[in-house]
Amino acid sequence: MTSTNGAATSGSARRFWLLGIGVAVVVALYTAAWFYGADRLKAIVRGQLSDASVAVACTGLDVRGYPFRIGVFCDSLGLDDSRTGTSASFGALRSAAQVYRPGHAILELDGPAQIRVAPEMSLVADWDLLHASVVAGTVGLERVSVAYDALRGTFTPGMGRTGLTFTVRHGEVHTRENGDALDAALSLHGLDLKVADTAVPSLDATLDLSIEGAAGWLASGPPEDAPRGTKGELRRFGLDFGGGNTATLSGRYEIDDQGLLSGRFELKVNGIDTARDLVKRAYPEVADTADSVTETIRALSGGSDDASVRLKVDDGVVYLGFIPIAAIPPL
């Protein structure tokens with residue numbers, strides 16, 4: 001009996017040690033594979049940064065996340081597109097993806113950001129938190145979502161135009177491929193604008209649109225002259241001024257090669273006077289036009305403070321019925 005028990009104990013111990021050795025071998029192989037993959041990822045990132053048409057600078061490039069994640073880290077991030085004259089700089093970048101799902105990454109980006117589109121046009125911004133979710137397939141990006149808190153900044157349009165400062169309590173941007181189209185949605189909550197020395201009351205804004213033939217933009221980036229030469233559907237552009245006062249715009253649109261907008265839109269306004277007062281406060285130079293348009297809309301809606309009218313835009317000129325009421329500069 002003692003001999004039998006000893007043999008059983010010896011067999012159990014042998015199996016235990018074999019299991020332990022097997023686990024150690026698997027861990028060692030996984031560790032070697034992870035660090036090899038990290039080195040390859042770092043080399044690929046460096047190669048893409050040097051070969052890209054847009055010069056990208058990632059200072060302090062590193063790959064971290066062992067054992068269950070893998071991600072690219074930068075102490076600071078810079079972009080320079082000589083084709084369009086656009087340059088940008090950002091703070092630290094952190095990213096992470098599960099090793100079993102490397103095509104889905106979560107990123108965090110620190111401010112401040114400085115973006116210069118032309119010698120005189122610039123954007124300076126900062127935020128408390130900005131994170132993004134990125135899904136990539138075999139041919140490139142398929143979906144990108146960005147969310148941020150406490151965004152604030154200053155936009156300088158240049159060419160003698162009036163600049164503005166802004167703050168946003170919370171905002172989100174979502175883009176995805178939809179067949180051959182690109183769907184994009186944007187929301188801004190607690191948007192405060194200050195144009196020159198005039199503050200616009202806080203509002204919420206939403207945008208939902210589809211751009212035909214633009215699915216490849218996520219993978220390769222938009223063309224240099226975008227949005228010129230595009231068309232699609234504006235599902236909804238909405239402004240909420242609070243107190244039940246809202247304005248929404250929807251319809252098909254097209255932008256020609258000169259940047260001139262054309263389309264047929266439906267405008268719905270709840271609280272015509274509130275919308276008019278906001279426009280007049282932000283842009284006093286168009287106060288007379290705002291009054292005239294308001295009275296025309298009110299007349300078409302039977303004198304109500306709520307209205308639904310159709311707008312026609314031809315080559316940048318906005319018509320309410322047969323009356324031209326505004327001109328949109330080239331986009």
# chains A, B, ... in the order shown; residues from 1 in each chain; ligands from 1
call {"tool": "select_by_dssp", "arguments": {"residues": "region 150-246 of chain A", "states": "alpha helix (DSSP H)", "output": "list in words"}}
result
Trp217, Leu218, Ala219 and Ser220 of chain A
call {"tool": "closest_residue", "arguments": {"among": "A:Gly60, A:Pro119, A:Gly213, A:Pro329", "to": "Ser262 (chain A)", "atoms": "only C-alpha atoms"}}
result
A:Pro329
call {"tool": "closest_atom_pairs", "arguments": {"of": "region 109-222 of chain A", "to": "region 274-286 of chain A", "cutoff": "7 Å", "atoms": "only C-alpha atoms", "output": "CSV"}}
result
residue,atom,partner,partner_atom,distance
A:Val195,CA,A:Ala282,CA,6.1
A:Thr198,CA,A:Ala282,CA,6.1
A:Val200,CA,A:Ala282,CA,6.1
call {"tool": "closest_residue", "arguments": {"among": "A:Ser145, A:Gln258, A:Thr59, A:Ser133", "to": "Leu186 (chain A)", "atoms": "only C-alpha atoms"}}
result
A:Ser145
call {"tool": "residues_around", "arguments": {"residues": "Asp149 (chain A)", "least_positions_apart": "4", "cutoff": "10 Å", "atoms": "only C-alpha atoms", "output": "VMD selection string"}}
result
chain A and resid 126 to 131 167 to 172 189
call {"tool": "select_by_dssp", "arguments": {"residues": "region 163-278 of chain A", "states": "strand (DSSP E)", "output": "number ranges by chain"}}
result
A: 164-178, 181-195, 198-211, 230-242, 245-255, 261-270
call {"tool": "residues_around", "arguments": {"residues": "Gly259 (chain A)", "least_positions_apart": "5", "cutoff": "7 Å", "atoms": "only C-alpha atoms", "output": "list in words"}}
result
Arg228, Pro330 and Leu331 of chain A
call {"tool": "residues_around", "arguments": {"residues": "Ala113 (chain A)", "least_positions_apart": "3", "cutoff": "6 Å", "atoms": "only C-alpha atoms", "output": "ChimeraX atom specification"}}
result
/A:89-90,124-125
call {"tool": "write_last_selection", "arguments": {"atoms": "N, CA and C atoms", "output": "tab-separated table (two decimals), in the first residue's frame"}}
result
chain	number	residue	atom	x	y	z
A	89	SER	N	0.76	71.15	-33.53
A	89	SER	CA	1.53	70.55	-32.43
A	89	SER	C	0.59	70.25	-31.28
A	90	PHE	N	0.87	69.14	-30.59
A	90	PHE	CA	0.03	68.69	-29.48
A	90	PHE	C	0.93	68.24	-28.33
A	124	VAL	N	-5.76	77.88	-31.50
A	124	VAL	CA	-5.06	77.50	-30.27
A	124	VAL	C	-6.11	76.97	-29.30
A	125	ALA	N	-5.90	75.76	-28.76
A	125	ALA	CA	-6.91	75.15	-27.91
A	125	ALA	C	-6.26	74.31	-26.83
call {"tool": "atom_distance", "arguments": {"atom1": "CA of Ile272 (chain A)", "atom2": "CA of Gly303 (chain A)"}}
result
10.4 Å
call {"tool": "closest_residue", "arguments": {"among": "A:Ala184, A:Cys58, A:Ala88, A:Ile297", "to": "Val117 (chain A)", "atoms": "only C-alpha atoms"}}
result
A:Ala88
call {"tool": "closest_residue", "arguments": {"among": "A:His104, A:Leu218, A:Glu224, A:Gly71", "to": "Gly85 (chain A)", "atoms": "only C-alpha atoms"}}
result
A:Glu224
call {"tool": "atom_distance", "arguments": {"atom1": "CA of Gly321 (chain A)", "atom2": "CA of Phe241 (chain A)"}}
result
26.1 Å
call {"tool": "atom_distance", "arguments": {"atom1": "CA of Thr156 (chain A)", "atom2": "CA of Thr86 (chain A)"}}
result
14.3 Å
